[in-house]
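Report on the structure given below.
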Amino acid sequence: MRPDPTERIDGRAVTVWRLAGALGALIVVAAAGVAIGLSAAGVLPAFVAATAAAVAIVASVLIVGVVPKVRWLRWRYEVSESEVYFRHGLIVRKRVLIPMTRVQHVDTTAGPLLRAFGLSSVTVATAGGQHEIPALSDEVADRLRDRIAALARVTEDVV
Amino acid sequence: MWSDPRRAHPAGVIVTSLRYVGALLAPVTGWFFAIAAVLEDARAAFGSLLIVFGLVFAGVLAVLLAWVHWYRFTYQVAEDGSLRVEHGLIVRKSTRLSPERVQSVDTKANLLFRVLGLVTVDIHTAGRGQEPEVSIAAMTEEDAHQLAAALRPASRGQAVTEAAADAAEEPPQGPRWRLTGSELALVAVTSSAGLIALAALAPLIGALVSMLPESAFDVEIVAPSGTVIAAVAGGALVLLVAAWVVGSVATALQFWDFLVVRSGGEVRVEWGLLQRNTRNVPLDRVQAVRYTEGLLRQAIGRVTVGVDAAGIGAGGELGPTVLHPLLTAAEARRFGEVMVQGHSTPGIRSVPRRALRRYVFRSTVLPLLPSLVVAWFVPYGWAALVIPCVAAAWGVWVYRDAGWGVSGEVLAIRWRSVARTTALVRRSRVQSVSVSQHPLQKIAGLATLSVRVAASPANATFTVRHVDETDALGALEWVSEGTQRRGEPDTGAPIEAV
């Protein structure tokens, strides 16, 4: 069986995802807070508040504590002369292979959160759709983009 | 070849102005109506005169705009062989299109154009989705032929310019299929177009029913229940038959005198009675070949053959470009080999037996819960349990049809949504391949295999669920191997001139 791709994405991705997860967790916690408040006021029965609190805790631990780390562990990519190959996925594990000759263009993009950490993501576009490698350090992303672009340029095949 | 800028035939003004009238009528008359409404109190007669004036004004404006559009729209084939289109009065737009970028050249002619010997030419590129990159209304047939020939890159055909100009006069050579009258009848009656239209209209029918006055329902409730059921069933039957008849007639008009010809490296399809269409698809633009078996056509053992190409196809009036609507399985195979060269069908391997319950689960899980609820709470509701049973049987059927296969340079993926589709993709046309597994699949050693090709987005992915894990990875490896020896671009089976 084909070995897993060799390269990992940047370790700081975990922190970025934790921060993004924390924002989500905040919303869940706020909702739970409302439920607790309402049950304290006697509008909702106590077990609703208890359930809400439990759900909020579990969800927060998952999306801040567990998911980012596992997601990072699972993300692997590899760029050879003839193909881009990556493997990722938290629950559904996915392997994707893109023949180099089919690459139409490569972009690097970075939102404010990624930029704050000096990270970028690389998007590989084919005529059939786009694929993203998230959270590489700016230098690695730039180098990867240029490398894929150079390798993809070899072909004269259109579509 | 003409290298001077040309205008389209003036008859194009008529067609364009009709289009403009459609767009202008509502807003322009709306304005005049508003003015008339304001003035109504003072002079009623003047108000209605204004409305008439508004209608006339919209008409005149449309003709004027159409004339300007026609006057400013010129096309030419430049020295370097590229098509150059200039248009626009205020914002002037100039388009240059090199032959290498052309995916297909279509023509269409409505009744008026056919009388005048004119066609509208649509040139598709990969970038524009369904919209043609360039559309030239009202070209003479001769000009259209020459343009199509000029846009055929020299690398593809023979020495193009003269040869293609000759081709305009000579009857096209090479393999050809023409739909006979009885075949057309079969295509029409096995069409599901009407039923699909009915499904689309269902909300409208529902809305109409809900608009009926309450009293309409009172009558039914008073009547003996047998009569009600008969009336409802009868009404539904009439509706179904009507939809089927309308769909059949529409399909017959569409596939009227359907003809497919291969000449050189191109396949040309012609179809339609009221509007006559042609489509030229260069074979080296074909991204995938599809064999589709709708329920009715499968019942009579017939297959529809279509091709996917970037920029044309799905979503259009014919779905993926239909190359033939009604072939037997054996004919279809030959068609893939002869007509669209290098697409011979590999043997299809079914998904493993252990995938069966997953397919059944998938089709049954949604209808199961509501049916159980109905069965429990509604008198005689147990009859609703038929639905999940049918769904389960459907799941078995979907399971039996799912499969894939590889031979030589061709990958086949077969699946059933309603119709059964077999998609053939050449290795060099694979844009990306992916293998995914959720935890339960992993335990069972199964995986989902999907392949993307460059066609219209909605149809760009071919997927087969629950294939053997090793097989799926094998398919991934097969694509990977194809990329290793890419020194020479894969030209597929050599496309010999015919």
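Residues are referred to by chain and number: the chain letter is A, B, ... according to the order shown in the structure tokens, the number counts from 1 in that chain, and ligands are numbered separately from 1 in the order shown.
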
Residues of segment 250-484 of chain B in alpha helix (DSSP H) according to DSSP, as a PyMOL selection string? chain B and resi 250-255+295-299+329-338+356-377+386-401+439-444+469-484

Using 10 Å as the limit and counting only C-alpha atoms, can you tabulate each residue of chain A that touches chain B, with its shortest atom-to-atom distance in Å and the two atoms involved, as a Markdown table?
```
| residue | atom | partner | partner_atom | distance |
| --- | --- | --- | --- | --- |
| A:Met1 | CA | B:Leu473 | CA | 7.4 |
| A:Arg2 | CA | B:Glu477 | CA | 7.7 |
| A:Ser80 | CA | B:Gln484 | CA | 9.9 |
| A:Glu81 | CA | B:Gln484 | CA | 8.4 |
| A:Ser82 | CA | B:Thr483 | CA | 5.5 |
| A:Glu83 | CA | B:Thr483 | CA | 6.9 |
| A:Val84 | CA | B:Ser432 | CA | 9.4 |
| A:Tyr85 | CA | B:Ser480 | CA | 9.4 |
| A:Phe86 | CA | B:Ser434 | CA | 9.4 |
| A:Arg87 | CA | B:Ser436 | CA | 9.2 |
| A:His88 | CA | B:Ser436 | CA | 9.3 |
| A:Gly89 | CA | B:Ser436 | CA | 8.7 |
| A:Leu90 | CA | B:His438 | CA | 9.1 |
| A:Ile91 | CA | B:His438 | CA | 5.9 |
| A:Val92 | CA | B:His438 | CA | 4.1 |
| A:Arg93 | CA | B:Gln437 | CA | 5.1 |
| A:Lys94 | CA | B:Ser436 | CA | 4.0 |
| A:Arg95 | CA | B:Val435 | CA | 5.1 |
| A:Val96 | CA | B:Ser434 | CA | 4.2 |
| A:Leu97 | CA | B:Val433 | CA | 5.3 |
| A:Ile98 | CA | B:Ser432 | CA | 4.4 |
| A:Pro99 | CA | B:Thr483 | CA | 5.9 |
| A:Met100 | CA | B:Thr483 | CA | 7.4 |
| A:Thr101 | CA | B:Thr483 | CA | 7.6 |
| A:Arg102 | CA | B:Gln431 | CA | 5.6 |
| A:Val103 | CA | B:Gln431 | CA | 7.9 |
| A:Gln104 | CA | B:Gln431 | CA | 9.9 |
| A:Ala125 | CA | B:Gln431 | CA | 9.5 |
| A:Thr126 | CA | B:Gln431 | CA | 6.2 |
| A:Ala127 | CA | B:Ala454 | CA | 4.9 |
| A:Gly128 | CA | B:Ala454 | CA | 4.4 |
| A:Gly129 | CA | B:Pro457 | CA | 7.8 |
| A:Gln130 | CA | B:Ser432 | CA | 9.6 |
| A:His131 | CA | B:Ser432 | CA | 9.4 |
| A:Val154 | CA | B:Gly487 | CA | 9.4 |
| A:Thr155 | CA | B:Pro489 | CA | 7.8 |
| A:Glu156 | CA | B:Pro489 | CA | 8.4 |
| A:Asp157 | CA | B:Pro489 | CA | 7.3 |
| A:Val158 | CA | B:Arg101 | CA | 7.7 |
| A:Val159 | CA | B:Ala454 | CA | 7.1 |
```

Please extract the residues of segment 66-131 of chain A with a backbone DSSP assignment of strand (DSSP E or B) and present them as a VMD selection string. chain A and resid 76 to 79 83 to 88 93 to 99 103 to 109 119 to 126 129 to 131

So that I can see what lies close to Arg143 of chain A, please list as a PyMOL selection string the residues with an atom at most 12 Å from it, counting only C-alpha atoms and leaving out residues fewer than 6 positions away in the same chain. chain A and resi 79+106-108+120-122+136-137+149-150

Polymer residues at most 6 Å from Ala109 of chain B, only C-alpha atoms, same-chain spacing of 3 or more positions, as a PDB file with C-alpha atoms, in the first residue's frame:
```pdb
ATOM      1  CA  PHE B 113     -33.505  31.406 -39.471  1.00  0.00           C
ATOM      2  CA  ARG B 114     -33.973  28.125 -41.284  1.00  0.00           C
ATOM      3  CA  VAL B 119     -27.743  30.091 -37.857  1.00  0.00           C
ATOM      4  CA  GLN B 275     -35.047  24.516 -33.626  1.00  0.00           C
ATOM      5  CA  ARG B 276     -32.308  22.749 -35.516  1.00  0.00           C
TER       6      ARG B 276
END
```

Using only C-alpha atoms, which of the listed residues (A:His105, A:Ser60, A:Leu23, A:Lys69) sits closest to Leu151 of chain A?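 The shortest atom-to-atom distance to Leu151 of chain A comes from A:His105.
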
Who sits within 9 Å of segment 28-40 of chain A, only C-alpha atoms, same chain under 3 positions skipped, as number ranges by chain: A: 24-25, 43-57, 59-60

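Closest approach to Thr190 of chain B among B:Thr278, B:Thr421, B:Thr120, B:Thr304 is made by B:Thr304 (distances from only C-alpha atoms).
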
Could you pull the residues within 12 Å of Thr109 of chain A, counting only C-alpha atoms, minus those fewer than 6 positions along the same chain, as a PyMOL selection string? chain A and resi 115+118-124+132-138+141-142+145

Create the file for the chosen residues now, containing N, CA and C atoms and written as a tab-separated table (two decimals), in the first residue's frame.
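See again.tsv below for the written result:
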```tsv
chain	number	residue	atom	x	y	z
A	115	ARG	N	-2.49	35.20	9.23
A	115	ARG	CA	-1.44	36.20	9.06
A	115	ARG	C	-0.77	36.54	10.38
A	118	GLY	N	1.89	34.26	10.92
A	118	GLY	CA	2.85	34.08	9.83
A	118	GLY	C	2.58	32.83	9.02
A	119	LEU	N	1.29	32.51	8.87
A	119	LEU	CA	0.93	31.29	8.14
A	119	LEU	C	0.15	31.63	6.87
A	120	SER	N	0.16	30.73	5.91
A	120	SER	CA	-0.65	30.87	4.70
A	120	SER	C	-1.18	29.49	4.34
A	121	SER	N	-2.24	29.47	3.55
A	121	SER	CA	-2.65	28.19	3.00
A	121	SER	C	-2.42	28.20	1.50
A	122	VAL	N	-2.20	27.02	0.95
A	122	VAL	CA	-1.92	26.88	-0.47
A	122	VAL	C	-3.11	26.22	-1.14
A	123	THR	N	-3.64	26.86	-2.18
A	123	THR	CA	-4.77	26.29	-2.90
A	123	THR	C	-4.32	25.81	-4.28
A	124	VAL	N	-4.56	24.54	-4.54
A	124	VAL	CA	-4.19	23.96	-5.83
A	124	VAL	C	-5.46	23.81	-6.65
A	132	GLU	N	-7.18	22.50	-0.96
A	132	GLU	CA	-6.41	23.42	-0.11
A	132	GLU	C	-5.52	22.68	0.88
A	133	ILE	N	-4.30	23.14	1.01
A	133	ILE	CA	-3.43	22.68	2.09
A	133	ILE	C	-3.39	23.82	3.09
A	134	PRO	N	-3.96	23.64	4.28
A	134	PRO	CA	-4.10	24.76	5.20
A	134	PRO	C	-2.82	24.97	6.02
A	135	ALA	N	-2.61	26.23	6.44
A	135	ALA	CA	-1.65	26.54	7.49
A	135	ALA	C	-0.24	26.00	7.29
A	136	LEU	N	0.45	26.59	6.32
A	136	LEU	CA	1.88	26.35	6.20
A	136	LEU	C	2.55	27.66	6.57
A	137	SER	N	3.80	27.58	7.02
A	137	SER	CA	4.48	28.84	7.32
A	137	SER	C	4.67	29.59	6.01
A	138	ASP	N	4.68	30.93	6.08
A	138	ASP	CA	4.72	31.74	4.87
A	138	ASP	C	5.81	31.30	3.89
A	141	ALA	N	4.98	27.94	2.37
A	141	ALA	CA	3.86	28.10	1.44
A	141	ALA	C	4.33	28.73	0.14
A	142	ASP	N	5.14	29.78	0.25
A	142	ASP	CA	5.63	30.45	-0.95
A	142	ASP	C	6.47	29.51	-1.80
A	145	ARG	N	4.23	26.88	-3.40
A	145	ARG	CA	3.46	27.46	-4.50
A	145	ARG	C	4.33	27.58	-5.75
```

Within 9 Å of segment 295-302 of chain B, counting only C-alpha atoms, which residues show up once you throw out same-chain ones fewer than 6 positions away? Write them as a list in words, please.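 Residues meeting the cut-off are Leu186, Val187, Val189, Thr190, Ser191, Ser192, Pro325, Leu326, Leu327, Thr328, Ala329, Ala332, Val418, Ala419 and Arg420 of chain B.
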
Here is a test: counting only C-alpha atoms, which residue of B:Ala11, B:Val281, B:Ala78, B:Ser94 is nearest to Thr140 of chain B?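 Checking each of B:Ala11, B:Val281, B:Ala78, B:Ser94 against Thr140 of chain B, counting only C-alpha atoms, the winner is B:Ala11.
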
Looking at only C-alpha atoms, which of B:Gly234, B:Gly30, B:Pro388, B:Gly194 is the one that sits closest to Ser371 of chain B? B:Pro388

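Straight-line separation from atom CA of Leu356 of chain B to atom CA of Leu446 of chain B: 11.5 Å.
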
Check the smallest atom-to-atom distance from each of B:Val134, B:Ala402, B:Ile413, B:Val228 to Glu86 of chain B using only C-alpha atoms, then report the winner.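 Closest to Glu86 of chain B of all the choices is B:Val134.
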